[in-house]
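query.cif (mmCIF, C-alpha atoms and all ligand atoms)
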```cif
data_target
#
loop_
_atom_site.label_atom_id
_atom_site.label_comp_id
_atom_site.auth_asym_id
_atom_site.auth_seq_id
_atom_site.Cartn_x
_atom_site.Cartn_y
_atom_site.Cartn_z
CA MET A 1 -26.63 -4.94 -10.41
CA THR A 2 -27.68 -1.81 -8.54
CA ASP A 3 -30.58 0.18 -10.00
CA TRP A 4 -29.08 3.67 -9.63
CA GLN A 5 -32.21 5.34 -10.96
CA LYS A 6 -34.23 3.78 -8.17
CA GLN A 7 -31.69 4.96 -5.59
CA HIS A 8 -31.11 8.49 -6.88
CA GLY A 9 -33.92 9.44 -9.27
CA ASP A 10 -33.23 12.30 -11.67
CA PHE A 11 -31.09 14.47 -9.39
CA PHE A 12 -27.98 14.16 -11.58
CA THR A 13 -29.70 14.44 -14.96
CA GLY A 14 -27.97 17.14 -16.99
CA ALA A 15 -25.34 17.87 -14.33
CA ARG A 16 -21.72 18.09 -15.46
CA VAL A 17 -19.32 16.37 -13.08
CA LEU A 18 -15.60 15.64 -12.90
CA VAL A 19 -14.32 12.28 -11.70
CA THR A 20 -10.57 12.34 -11.07
CA GLY A 21 -9.07 8.87 -11.29
CA GLY A 22 -12.16 7.79 -13.19
CA ALA A 23 -10.29 5.11 -15.15
CA GLY A 24 -9.54 3.34 -11.89
CA PHE A 25 -11.57 0.83 -9.97
CA ILE A 26 -13.86 3.01 -7.81
CA GLY A 27 -13.78 5.99 -10.18
CA SER A 28 -15.04 3.93 -13.11
CA HIS A 29 -17.97 2.57 -11.09
CA LEU A 30 -18.81 6.11 -10.00
CA SER A 31 -18.57 7.35 -13.59
CA GLU A 32 -20.80 4.53 -14.78
CA ALA A 33 -23.47 5.25 -12.15
CA LEU A 34 -23.40 8.97 -13.03
CA ILE A 35 -23.76 8.19 -16.73
CA ARG A 36 -26.71 5.89 -15.98
CA LEU A 37 -28.21 8.78 -13.98
CA GLY A 38 -28.02 11.15 -16.95
CA ALA A 39 -25.00 13.24 -15.91
CA SER A 40 -22.26 14.46 -18.24
CA VAL A 41 -19.05 12.97 -16.92
CA VAL A 42 -15.50 14.19 -17.49
CA VAL A 43 -12.77 11.83 -16.34
CA ILE A 44 -9.18 12.90 -15.82
CA ASP A 45 -6.76 10.03 -15.30
CA ASP A 46 -3.12 9.52 -16.23
CA LEU A 47 -3.65 5.74 -16.50
CA CYS A 48 -0.78 4.98 -14.11
CA GLY A 49 -3.13 2.61 -12.31
CA GLY A 50 -6.35 2.83 -14.32
CA ASP A 51 -7.35 1.31 -17.63
CA ARG A 52 -9.47 2.49 -20.56
CA ALA A 53 -11.09 -0.96 -20.55
CA ASN A 54 -12.85 0.12 -17.34
CA PHE A 55 -15.07 2.35 -19.53
CA ASP A 56 -16.19 -0.50 -21.77
CA SER A 57 -19.51 -1.18 -20.09
CA PHE A 58 -20.81 2.38 -20.35
CA ALA A 59 -18.79 4.78 -22.54
CA SER A 60 -20.42 3.82 -25.82
CA ASP A 61 -23.97 4.24 -24.41
CA ALA A 62 -23.03 7.66 -23.07
CA GLY A 63 -22.18 9.30 -26.40
CA ASN A 64 -21.08 12.89 -25.87
CA ARG A 65 -22.04 12.78 -22.18
CA PHE A 66 -18.73 11.06 -21.48
CA GLU A 67 -15.30 12.57 -21.99
CA PHE A 68 -11.99 11.00 -21.07
CA VAL A 69 -8.98 13.26 -20.67
CA GLU A 70 -5.70 11.43 -20.32
CA GLY A 71 -3.52 13.51 -18.02
CA SER A 72 -2.41 14.15 -14.49
CA ILE A 73 -3.93 16.03 -11.59
CA LEU A 74 -0.45 17.50 -11.24
CA ASP A 75 -1.14 19.46 -14.46
CA GLN A 76 -2.97 22.51 -13.09
CA ASP A 77 -3.98 23.96 -16.45
CA LEU A 78 -5.44 20.70 -17.65
CA LEU A 79 -7.28 20.22 -14.40
CA ALA A 80 -8.73 23.73 -14.65
CA ARG A 81 -10.01 22.96 -18.16
CA CYS A 82 -11.57 19.68 -17.01
CA THR A 83 -13.29 21.39 -14.08
CA GLU A 84 -14.90 24.12 -16.20
CA GLY A 85 -18.69 24.04 -15.89
CA CYS A 86 -18.71 21.16 -13.35
CA ARG A 87 -21.18 21.17 -10.50
CA PHE A 88 -19.52 18.35 -8.57
CA VAL A 89 -16.03 16.92 -8.37
CA PHE A 90 -15.50 13.36 -7.17
CA HIS A 91 -11.79 13.22 -6.36
CA GLN A 92 -10.67 9.59 -6.63
CA ALA A 93 -7.24 9.96 -8.26
CA ALA A 94 -4.41 8.81 -6.02
CA LEU A 95 -1.60 6.36 -5.64
CA GLY A 96 -3.23 3.78 -3.44
CA SER A 97 -0.88 1.18 -2.08
CA VAL A 98 0.21 1.32 1.57
CA PRO A 99 3.41 -0.75 1.09
CA ARG A 100 4.38 1.20 -2.03
CA SER A 101 3.97 4.46 -0.11
CA VAL A 102 6.49 3.17 2.42
CA GLU A 103 8.92 2.68 -0.47
CA GLN A 104 8.17 5.94 -2.33
CA PRO A 105 6.96 8.54 0.18
CA ARG A 106 7.92 11.60 -1.89
CA LEU A 107 6.06 10.48 -5.00
CA PHE A 108 3.00 9.67 -2.88
CA GLN A 109 3.11 13.07 -1.22
CA GLU A 110 3.24 14.78 -4.60
CA VAL A 111 0.31 12.94 -6.19
CA ASN A 112 -1.88 12.45 -3.15
CA VAL A 113 -1.38 15.78 -1.37
CA THR A 114 -0.26 18.33 -3.97
CA GLY A 115 -2.62 16.67 -6.46
CA THR A 116 -5.50 17.09 -4.00
CA LEU A 117 -4.59 20.74 -3.48
CA ASN A 118 -4.67 21.19 -7.26
CA VAL A 119 -8.14 19.63 -7.44
CA LEU A 120 -9.39 21.99 -4.74
CA GLU A 121 -7.83 25.04 -6.38
CA ALA A 122 -9.44 24.19 -9.71
CA ALA A 123 -12.79 23.60 -7.99
CA ARG A 124 -12.55 26.93 -6.18
CA ALA A 125 -11.62 28.82 -9.33
CA LYS A 126 -14.44 27.25 -11.33
CA GLY A 127 -17.20 27.67 -8.73
CA VAL A 128 -17.83 23.96 -8.11
CA GLN A 129 -20.71 23.30 -5.69
CA ARG A 130 -19.10 20.42 -3.76
CA VAL A 131 -15.98 18.24 -3.83
CA MET A 132 -16.24 14.65 -2.61
CA PHE A 133 -12.85 13.25 -1.51
CA ALA A 134 -11.82 9.58 -1.40
CA ALA A 135 -10.39 9.47 2.12
CA SER A 136 -9.21 6.29 3.79
CA SER A 137 -9.83 4.23 6.92
CA SER A 138 -6.04 3.88 7.16
CA ALA A 139 -6.27 7.22 9.04
CA TYR A 140 -7.28 5.31 12.18
CA GLY A 141 -4.07 3.28 12.27
CA ASP A 142 -3.72 0.56 14.84
CA SER A 143 -5.70 1.86 17.80
CA GLU A 144 -7.33 -1.11 19.53
CA THR A 145 -10.74 0.50 19.83
CA LEU A 146 -13.44 -0.81 17.54
CA PRO A 147 -15.57 0.29 15.83
CA LYS A 148 -13.76 3.29 14.42
CA ILE A 149 -15.63 6.55 14.96
CA GLU A 150 -14.74 9.68 13.04
CA HIS A 151 -13.93 11.74 16.15
CA MET A 152 -11.27 9.27 17.35
CA PRO A 153 -7.64 10.43 17.26
CA VAL A 154 -5.95 9.66 13.97
CA LEU A 155 -2.83 7.50 13.96
CA PRO A 156 -1.45 7.29 10.41
CA LYS A 157 0.96 4.39 10.17
CA SER A 158 2.15 4.88 6.59
CA PRO A 159 2.92 7.76 4.24
CA TYR A 160 -0.26 6.83 2.34
CA ALA A 161 -2.39 7.22 5.48
CA ALA A 162 -0.68 10.54 6.26
CA ASN A 163 -1.35 11.76 2.68
CA LYS A 164 -5.01 10.87 2.92
CA LEU A 165 -5.31 12.69 6.24
CA ALA A 166 -3.66 15.75 4.73
CA GLY A 167 -6.31 15.56 2.00
CA GLU A 168 -9.08 15.52 4.60
CA HIS A 169 -7.59 18.55 6.32
CA LEU A 170 -7.37 20.39 3.01
CA MET A 171 -11.03 19.56 2.35
CA ARG A 172 -12.02 21.08 5.68
CA ALA A 173 -9.71 24.07 5.23
CA TYR A 174 -11.20 24.89 1.82
CA ALA A 175 -14.70 24.76 3.28
CA GLY A 176 -13.57 27.04 6.12
CA SER A 177 -11.42 29.48 4.14
CA TYR A 178 -13.16 29.75 0.79
CA GLY A 179 -16.70 28.48 1.30
CA LEU A 180 -16.05 25.63 -1.16
CA ASP A 181 -18.19 22.80 0.19
CA THR A 182 -16.43 19.46 0.61
CA ALA A 183 -16.91 16.00 2.09
CA SER A 184 -14.28 13.41 3.05
CA LEU A 185 -15.54 9.89 2.64
CA ARG A 186 -13.32 7.48 4.58
CA TYR A 187 -13.55 4.29 2.55
CA PHE A 188 -13.01 0.98 4.31
CA ASN A 189 -11.50 -1.76 2.06
CA ILE A 190 -13.56 -1.32 -1.06
CA PHE A 191 -13.76 -4.35 -3.34
CA GLY A 192 -15.57 -5.36 -6.49
CA PRO A 193 -15.27 -5.93 -10.23
CA ARG A 194 -12.41 -4.06 -12.01
CA GLN A 195 -10.18 -3.90 -8.96
CA ASN A 196 -6.69 -4.53 -10.28
CA ALA A 197 -5.56 -8.08 -9.51
CA ASN A 198 -2.34 -7.93 -11.47
CA SER A 199 -0.25 -5.50 -9.46
CA ALA A 200 2.30 -6.59 -6.86
CA TYR A 201 0.31 -4.34 -4.53
CA ALA A 202 -3.12 -5.74 -5.38
CA ALA A 203 -5.80 -5.46 -2.69
CA VAL A 204 -6.51 -8.69 -0.87
CA ILE A 205 -9.75 -9.83 -2.56
CA ALA A 206 -8.33 -9.16 -6.03
CA ALA A 207 -5.08 -10.94 -5.14
CA PHE A 208 -6.91 -13.97 -3.73
CA ALA A 209 -9.14 -14.18 -6.83
CA LYS A 210 -6.09 -14.22 -9.08
CA ALA A 211 -4.23 -16.80 -7.00
CA LEU A 212 -7.22 -19.12 -6.81
CA HIS A 213 -7.95 -18.70 -10.50
CA ASP A 214 -4.32 -19.65 -11.24
CA ASP A 215 -4.68 -22.73 -8.97
CA LYS A 216 -2.30 -21.23 -6.42
CA GLN A 217 -2.70 -20.96 -2.67
CA PRO A 218 -3.72 -17.43 -1.61
CA LEU A 219 -0.91 -15.61 0.18
CA ILE A 220 -1.61 -13.98 3.55
CA PHE A 221 0.78 -11.49 5.18
CA GLY A 222 0.79 -12.21 8.92
CA ASP A 223 -1.34 -14.75 10.80
CA GLY A 224 -4.52 -13.93 8.86
CA LYS A 225 -6.35 -12.95 12.03
CA GLN A 226 -6.30 -9.34 10.88
CA SER A 227 -9.80 -8.25 9.97
CA ARG A 228 -11.36 -5.69 7.69
CA ASP A 229 -14.71 -4.08 7.05
CA PHE A 230 -14.83 -5.22 3.41
CA THR A 231 -17.16 -2.96 1.45
CA TYR A 232 -18.63 -3.68 -1.98
CA VAL A 233 -17.91 -0.86 -4.41
CA ASP A 234 -21.57 0.09 -5.03
CA ASN A 235 -21.74 1.19 -1.40
CA ALA A 236 -18.90 3.66 -1.97
CA VAL A 237 -20.59 4.94 -5.14
CA HIS A 238 -23.87 5.32 -3.25
CA ALA A 239 -22.18 7.33 -0.46
CA ASN A 240 -20.60 9.68 -3.01
CA LEU A 241 -23.95 10.27 -4.72
CA LEU A 242 -25.70 10.86 -1.40
CA ALA A 243 -22.98 13.35 -0.42
CA ALA A 244 -23.37 15.27 -3.68
CA LYS A 245 -27.16 15.35 -3.24
CA ARG A 246 -27.25 16.64 0.31
CA PRO A 247 -29.07 19.98 0.29
CA ASP A 248 -27.18 21.43 3.29
CA PRO A 249 -23.43 22.11 3.32
CA ILE A 250 -21.19 19.29 4.52
CA GLY A 251 -18.30 21.62 5.48
CA GLY A 252 -15.49 19.09 5.13
CA THR A 253 -17.07 16.57 7.51
CA VAL A 254 -15.27 13.22 7.64
CA ILE A 255 -17.64 10.31 7.07
CA ASN A 256 -16.96 6.57 7.29
CA VAL A 257 -18.12 4.54 4.31
CA ALA A 258 -18.27 0.81 4.97
CA CYS A 259 -20.51 -2.16 5.57
CA GLY A 260 -20.25 -2.23 9.37
CA LEU A 261 -19.16 -5.89 9.45
CA ARG A 262 -15.71 -7.35 10.15
CA VAL A 263 -14.33 -10.40 8.33
CA ASP A 264 -10.91 -11.87 9.08
CA VAL A 265 -8.52 -12.60 6.25
CA ASN A 266 -8.28 -16.36 6.97
CA GLU A 267 -12.06 -16.59 6.75
CA LEU A 268 -12.07 -14.52 3.55
CA ALA A 269 -9.52 -16.83 1.90
CA ALA A 270 -11.52 -19.91 2.90
CA GLN A 271 -14.80 -18.42 1.64
CA MET A 272 -13.32 -17.41 -1.68
CA ALA A 273 -11.73 -20.83 -2.19
CA GLN A 274 -15.15 -22.36 -1.47
CA ILE A 275 -17.02 -20.04 -3.89
CA MET A 276 -14.44 -20.71 -6.61
CA GLY A 277 -14.80 -24.46 -6.09
CA LYS A 278 -11.20 -24.90 -4.84
CA PRO A 279 -11.53 -25.51 -1.08
CA ASN A 280 -8.28 -27.50 -1.04
CA LEU A 281 -6.30 -24.34 -1.88
CA THR A 282 -5.68 -23.23 1.71
CA ALA A 283 -3.77 -20.02 2.43
CA LEU A 284 0.01 -19.67 2.75
CA HIS A 285 1.37 -17.25 5.36
CA GLU A 286 4.24 -14.78 5.01
CA PRO A 287 5.56 -12.18 7.49
CA GLU A 288 3.40 -9.15 8.24
CA ARG A 289 3.97 -6.04 6.06
CA ALA A 290 5.11 -2.65 7.35
CA GLY A 291 2.27 -0.14 7.62
CA ASP A 292 -0.58 -2.69 7.65
CA VAL A 293 -3.12 -2.24 10.43
CA LYS A 294 -4.50 -5.14 12.48
CA HIS A 295 -8.24 -4.61 12.62
CA SER A 296 -10.73 -2.32 11.01
CA LEU A 297 -14.45 -1.86 11.50
CA ALA A 298 -16.52 1.25 10.89
CA ASP A 299 -19.15 2.95 12.96
CA LEU A 300 -21.71 4.21 10.45
CA THR A 301 -23.67 6.64 12.64
CA VAL A 302 -22.27 9.78 10.98
CA ALA A 303 -22.86 8.32 7.50
CA LYS A 304 -26.45 7.62 8.48
CA ASN A 305 -27.06 10.98 10.13
CA VAL A 306 -25.34 13.22 7.58
CA LEU A 307 -26.00 11.29 4.36
CA GLY A 308 -28.86 8.94 5.18
CA TYR A 309 -26.40 6.21 4.14
CA GLN A 310 -26.73 2.55 4.76
CA PRO A 311 -25.05 -0.20 2.75
CA ILE A 312 -27.04 -1.25 -0.32
CA VAL A 313 -25.06 -4.42 -1.13
CA ASP A 314 -23.92 -6.70 1.71
CA PHE A 315 -20.55 -8.44 1.93
CA GLN A 316 -21.70 -11.90 0.83
CA ALA A 317 -23.66 -10.66 -2.21
CA GLY A 318 -20.77 -8.37 -3.15
CA LEU A 319 -18.23 -11.16 -2.82
CA ARG A 320 -20.26 -13.46 -5.08
CA GLN A 321 -20.61 -10.76 -7.75
CA THR A 322 -16.93 -9.96 -7.54
CA VAL A 323 -15.79 -13.56 -7.82
CA SER A 324 -18.09 -14.11 -10.82
CA TRP A 325 -16.58 -11.08 -12.51
CA TYR A 326 -13.00 -12.28 -11.97
CA GLN A 327 -13.98 -15.72 -13.22
CA ALA A 328 -15.46 -14.19 -16.36
CA VAL A 329 -12.50 -11.92 -17.18
CA MET A 330 -9.67 -14.26 -16.18
CA VAL A 331 -10.25 -16.80 -18.87
N1 LIG A 401 -9.89 0.62 -2.84
C1 LIG A 401 -9.95 0.90 -1.55
O1 LIG A 401 -10.19 0.02 -0.73
C2 LIG A 401 -9.75 2.30 -1.05
C3 LIG A 401 -9.80 2.52 0.34
C4 LIG A 401 -9.63 3.81 0.81
C5 LIG A 401 -9.43 4.85 -0.06
N2 LIG A 401 -9.34 4.61 -1.40
C6 LIG A 401 -9.11 5.73 -2.30
O2 LIG A 401 -10.08 5.69 -3.33
C7 LIG A 401 -9.55 6.22 -4.52
C8 LIG A 401 -9.74 5.25 -5.66
O3 LIG A 401 -9.06 4.04 -5.36
P1 LIG A 401 -9.13 2.75 -6.27
O4 LIG A 401 -9.12 1.60 -5.37
O5 LIG A 401 -10.18 2.91 -7.28
O6 LIG A 401 -7.68 2.79 -6.94
P2 LIG A 401 -7.25 2.79 -8.49
O7 LIG A 401 -5.76 2.76 -8.49
O8 LIG A 401 -7.98 1.78 -9.25
O9 LIG A 401 -7.74 4.24 -8.95
C9 LIG A 401 -6.97 5.40 -8.81
C10 LIG A 401 -6.89 6.06 -10.16
O10 LIG A 401 -6.16 7.28 -10.03
C11 LIG A 401 -5.36 7.42 -11.19
N3 LIG A 401 -4.25 8.32 -10.89
C12 LIG A 401 -3.18 8.09 -10.07
N4 LIG A 401 -2.37 9.15 -10.10
C13 LIG A 401 -2.92 10.06 -10.93
C14 LIG A 401 -2.56 11.34 -11.36
N5 LIG A 401 -1.43 11.93 -10.96
N6 LIG A 401 -3.38 12.01 -12.20
C15 LIG A 401 -4.52 11.45 -12.66
N7 LIG A 401 -4.91 10.20 -12.29
C16 LIG A 401 -4.12 9.53 -11.44
C17 LIG A 401 -4.90 6.00 -11.52
O11 LIG A 401 -4.49 5.87 -12.87
C18 LIG A 401 -6.16 5.22 -11.22
O12 LIG A 401 -6.97 5.08 -12.36
C19 LIG A 401 -8.08 6.53 -4.22
O13 LIG A 401 -8.00 7.89 -3.88
C20 LIG A 401 -7.78 5.69 -3.01
O14 LIG A 401 -6.75 6.23 -2.22
C21 LIG A 401 -9.50 3.34 -1.92
#
```

Whole structure given in structure tokens:
Amino acid sequence: MTDWQKQHGDFFTGARVLVTGGAGFIGSHLSEALIRLGASVVVIDDLCGGDRANFDSFASDAGNRFEFVEGSILDQDLLARCTEGCRFVFHQAALGSVPRSVEQPRLFQEVNVTGTLNVLEAARAKGVQRVMFAASSSAYGDSETLPKIEHMPVLPKSPYAANKLAGEHLMRAYAGSYGLDTASLRYFNIFGPRQNANSAYAAVIAAFAKALHDDKQPLIFGDGKQSRDFTYVDNAVHANLLAAKRPDPIGGTVINVACGLRVDVNELAAQMAQIMGKPNLTALHEPERAGDVKHSLADLTVAKNVLGYQPIVDFQAGLRQTVSWYQAVMV
């Protein structure tokens, strides 16, 4: 377990912060770290993908430093009330599935783009110091070049990727037009405890954990040679905290957040089957899905130069912790 105090000292003590989507996977880890660091955390989440149970490990210790507001970022008045008095906003709320965005592009546009605009408007009105935005590596699309560097042309392949890019542009525009400081953190395949394994659109590590737990063969879309820069969730939390702490403006800069290591999906399935003691459960293959990209690997130079970021939990350690968590909760 990461010692957040050791990483971030007392910088956040007494600060009021808003975490949108804080009942979700990444948002709840971020909220927990901020609570451990002495901040007062307000979460707004409509629970369409999140779960109150994600607060269990920290809400009771936090007392009145933690407030959960059930509602949508599409509700501008509610968002304005939640943002009141906040120094930082960590904007994590979104609809997150690439294949679902292909099916429901209008809904995704509304939540992921208009919702992001609402978050920025509330932050501007309430004099927030900086907004950290959960951007996505899906912005890079399928270009063959690896590693992905932030200045490369963007090639969104799905409505979700296009939404996330629109969010990045809004972040930069608000820094340019209104002097509201912002940062876009392009997450690369974040995984860890609390990631939803039960949805039809579950992320790959969560889906494999569930399949293996249920004594089923993990299902791979495509030949499994696609690879990802799988990033343990504490690294994403760490990058957000570093971004909030930076003394100089960030001005909407786009910053990769990852581990800087590529693992292919066949290898991932085999490793997870091994860790879970079920090496005979080899993967099944189905046709590739629309919108999925082939390879992904981050260059972390900007993260290092702008944030002083480097990963604090490596892939193997993160995978072990994650598998243990799924084994403990899926009884
Ligand atoms: N997990 C990843 O690998 C990854 C990669 C790149 C970017 N991201 C981004 O990181 C953020 C967090 O992702 P996650 O993996 O924790 O997903 P998640 O689904 O667990 O969390 C998203 C949360 O947003 C909430 N939400 C959705 N619509 C809302 C609305 N209208 N109003 C209020 N709350 C709403 C959901 O209920 C959920 O709790 C998202 O913005 C996602 O696009 C995630």

| request: Kindly give the distance, in Å, that separates atom O4 of ligand LIG 401 (chain A) and atom CA of Asn196 of chain A, rounded to a single decimal. | output: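 Value for the atom O4 of ligand LIG 401 (chain A)-atom CA of Asn196 of chain A distance: 8.2 Å.
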
| Within 6 Å of ligand LIG 401 (chain A), counting all atoms listed in the file, which protein or nucleic acid residues do you find, written as an NGL selection string? | :A and (21-27 or 44-50 or 71-74 or 92-96 or 111 or 134-136 or 187-190)

| field | Shortest interatomic distance to Val128 of chain A - which of A:Glu103, A:Glu168, A:Asp181, A:Asp214, counting all atoms listed in the file | value |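 Result for the nearest residue to Val128 of chain A: A:Asp181.
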
| message | Using all atoms listed in the file for the distances, tell me which of A:Val69, A:Leu219, A:Ala298, A:Ala206 is nearest to Tyr140 of chain A. | response |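 Ranking A:Val69, A:Leu219, A:Ala298, A:Ala206 by distance to Tyr140 of chain A, first place goes to A:Ala298.
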
| request: Go through A:Val323, A:Val302, A:Gln104, A:Tyr309 and flag the residue nearest Glu150 of chain A, using all atoms listed in the file for the distances. | output: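 For Glu150 of chain A, the nearest of the candidates is A:Val302.
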